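Accompanying notes for the structure given below.
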Amino acid sequence: QVQVVESGGGSVQPGGSLRLSCAASGSIVRINAMSWHRQAPGKQRELVATVTILNSTHYADSVKGRFTISRDSAKNTAYLQMNNLKPEDTAVYYCYVGSYGTTYWGQGTQVTVSS
């Protein structure tokens with residue numbers, strides 16, 4: 001069994017910051033990549049940021065320069081530092097874990113940006 005648990009969501013005003021955490025535990029041999037995705041009401045889930053086993057990162061254009069993804073391989077944990085948040089960042093944020101062709105998803109954490 002593998003568990004993926006997100007934390008750190010909440011409500012913030014525009015221009016504010018939040019830091020999301022994603023912890024994977026259980027029978028994971030090795031994690032190849034960890035990603036953050038988000039889904040806003042009425043919209044499809046979209047990729048926000050990815051970090052690979054080699055610490056290569058990729059960001060959606062909409063968050064470049066504002067969000068930073070990082071990982072602690074020893075703890076099977078990924079982080080998403082979100083700065084200068086905008087109302088359009090409001091969504092449920094999901095953590096994705098890829099391990100040798102098997103994928104795992106967390107339950108999601110709500111991020112709301114509103115004045």
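Residue numbers start at 1 in each chain; chains themselves are named A, B, ... in the order of the structure tokens; ligands are numbered from 1 in the order shown.
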Counting only C-alpha atoms, what is within 12 Å of Gln44 (chain A), bar same-chain residues fewer than 6 positions away, as a list of chain:residue names? A:His37, A:Arg38, A:Ala91, A:Val92
Selection file, C-alpha atoms, as a CSV table (one decimal), in the first residue's frame:
```csv
chain,number,residue,atom,x,y,z
A,37,HIS,CA,-1.5,19.3,-10.5
A,38,ARG,CA,-4.5,21.5,-9.9
A,91,ALA,CA,-8.0,25.2,-7.1
A,92,VAL,CA,-7.6,21.9,-5.5
```
Find the residues around region 110-113 of chain A up to 10 Å (only C-alpha atoms counted), leave out those fewer than 6 positions away in its own chain, and share them as a PyMOL selection string. chain A and resi 6-18+20+38-40+85-94
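Here CA of Gln107 (chain A) and CA of Leu47 (chain A) stand 15.6 Å from one another.
Taking CA of Leu80 (chain A) and CA of Cys95 (chain A) as endpoints, the distance between them is 9.8 Å.
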To one decimal place in Å, what is the distance between CA of Gly106 (chain A) and CA of Ile28 (chain A)? 14.5 Å
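For the residues A:Asn84, A:Ser62, A:Thr57, A:Ser35, ranking by smallest atom-to-atom distance to Cys22 (chain A) using only C-alpha atoms places A:Ser35 first.
Among the candidate residues A:Thr109, A:Gln3, A:Ser21, A:Thr102, the one lying nearest to Ser70 (chain A) is A:Ser21, with distances computed using only C-alpha atoms.
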So, with only C-alpha atoms as the atoms that count, which of A:Ala33, A:Ile69, A:Ala60, A:Met82 lies closest to Arg19 (chain A)? A:Met82
All strand (DSSP E) residues (DSSP, backbone) inside chain A, as a PDB file with C-alpha atoms, in the first residue's frame:
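Saved to out.pdb:
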```pdb
ATOM      1  CA  VAL A   2       1.177   3.475  -0.868  1.00  0.00           C
ATOM      2  CA  GLN A   3      -0.185   6.649   0.664  1.00  0.00           C
ATOM      3  CA  VAL A   4       0.227  10.138  -0.737  1.00  0.00           C
ATOM      4  CA  VAL A   5      -0.771  12.949   1.601  1.00  0.00           C
ATOM      5  CA  GLU A   6      -0.840  16.643   0.765  1.00  0.00           C
ATOM      6  CA  SER A   7      -0.858  19.461   3.295  1.00  0.00           C
ATOM      7  CA  GLY A  10      -5.588  27.297   2.825  1.00  0.00           C
ATOM      8  CA  SER A  11      -6.947  30.740   2.081  1.00  0.00           C
ATOM      9  CA  VAL A  12      -4.744  33.702   1.267  1.00  0.00           C
ATOM     10  CA  LEU A  18       1.627  29.275   0.634  1.00  0.00           C
ATOM     11  CA  ARG A  19       3.823  26.195   0.829  1.00  0.00           C
ATOM     12  CA  LEU A  20       2.349  22.820  -0.034  1.00  0.00           C
ATOM     13  CA  SER A  21       3.870  19.527   1.074  1.00  0.00           C
ATOM     14  CA  CYS A  22       3.393  16.047  -0.354  1.00  0.00           C
ATOM     15  CA  ALA A  23       4.559  12.996   1.553  1.00  0.00           C
ATOM     16  CA  ALA A  24       4.593   9.515   0.036  1.00  0.00           C
ATOM     17  CA  SER A  25       4.820   6.488   2.284  1.00  0.00           C
ATOM     18  CA  GLY A  26       4.436   2.737   2.087  1.00  0.00           C
ATOM     19  CA  ALA A  33       9.083  11.930 -10.427  1.00  0.00           C
ATOM     20  CA  MET A  34       6.747  13.962  -8.271  1.00  0.00           C
ATOM     21  CA  SER A  35       4.363  16.555  -9.615  1.00  0.00           C
ATOM     22  CA  TRP A  36       1.733  19.008  -8.530  1.00  0.00           C
ATOM     23  CA  HIS A  37      -1.466  19.324 -10.511  1.00  0.00           C
ATOM     24  CA  ARG A  38      -4.500  21.474  -9.897  1.00  0.00           C
ATOM     25  CA  GLN A  39      -8.137  21.504 -10.801  1.00  0.00           C
ATOM     26  CA  GLU A  46      -3.673  20.661 -15.253  1.00  0.00           C
ATOM     27  CA  LEU A  47      -0.002  20.118 -14.550  1.00  0.00           C
ATOM     28  CA  VAL A  48       1.544  22.846 -12.405  1.00  0.00           C
ATOM     29  CA  ALA A  49       5.096  21.647 -11.764  1.00  0.00           C
ATOM     30  CA  THR A  50       7.242  18.512 -11.913  1.00  0.00           C
ATOM     31  CA  VAL A  51      10.528  17.474 -10.320  1.00  0.00           C
ATOM     32  CA  THR A  52      12.346  14.354 -11.492  1.00  0.00           C
ATOM     33  CA  THR A  57      12.065  20.770 -12.955  1.00  0.00           C
ATOM     34  CA  HIS A  58       9.292  21.839 -15.287  1.00  0.00           C
ATOM     35  CA  TYR A  59       6.623  24.484 -14.769  1.00  0.00           C
ATOM     36  CA  PHE A  67       6.100  28.802  -7.927  1.00  0.00           C
ATOM     37  CA  THR A  68       9.055  26.622  -6.984  1.00  0.00           C
ATOM     38  CA  ILE A  69       8.963  22.845  -6.722  1.00  0.00           C
ATOM     39  CA  SER A  70      11.526  20.902  -4.723  1.00  0.00           C
ATOM     40  CA  ARG A  71      11.917  17.443  -3.250  1.00  0.00           C
ATOM     41  CA  ASP A  72      13.596  15.657  -0.398  1.00  0.00           C
ATOM     42  CA  THR A  77       8.513  14.373   0.027  1.00  0.00           C
ATOM     43  CA  ALA A  78       7.912  17.174  -2.457  1.00  0.00           C
ATOM     44  CA  TYR A  79       7.151  20.807  -1.803  1.00  0.00           C
ATOM     45  CA  LEU A  80       5.532  23.576  -3.790  1.00  0.00           C
ATOM     46  CA  GLN A  81       6.393  27.103  -2.717  1.00  0.00           C
ATOM     47  CA  MET A  82       3.782  29.441  -4.154  1.00  0.00           C
ATOM     48  CA  ALA A  91      -8.025  25.236  -7.142  1.00  0.00           C
ATOM     49  CA  VAL A  92      -7.639  21.884  -5.488  1.00  0.00           C
ATOM     50  CA  TYR A  93      -3.978  20.933  -5.692  1.00  0.00           C
ATOM     51  CA  TYR A  94      -3.099  17.262  -6.126  1.00  0.00           C
ATOM     52  CA  CYS A  95       0.220  15.528  -5.678  1.00  0.00           C
ATOM     53  CA  TYR A  96       1.271  12.904  -8.220  1.00  0.00           C
ATOM     54  CA  VAL A  97       3.949  10.298  -7.567  1.00  0.00           C
ATOM     55  CA  GLY A  98       5.457   8.190 -10.351  1.00  0.00           C
ATOM     56  CA  SER A  99       7.380   5.030  -9.565  1.00  0.00           C
ATOM     57  CA  THR A 102       2.954   3.022 -11.397  1.00  0.00           C
ATOM     58  CA  THR A 103       1.264   6.257 -10.437  1.00  0.00           C
ATOM     59  CA  TYR A 104      -0.217   7.414  -7.171  1.00  0.00           C
ATOM     60  CA  TRP A 105      -2.366  10.433  -6.389  1.00  0.00           C
ATOM     61  CA  THR A 109      -5.637  20.192  -0.771  1.00  0.00           C
ATOM     62  CA  GLN A 110      -7.695  23.332  -1.378  1.00  0.00           C
ATOM     63  CA  VAL A 111      -5.977  26.618  -2.184  1.00  0.00           C
ATOM     64  CA  THR A 112      -8.179  29.715  -2.261  1.00  0.00           C
ATOM     65  CA  VAL A 113      -6.870  33.136  -3.272  1.00  0.00           C
TER      66      VAL A 113
END
```
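When only C-alpha atoms are used to compute distances to Val63 (chain A), the closest of the residues A:Arg45, A:Ile31, A:Asn83, A:Lys75 turns out to be A:Asn83.
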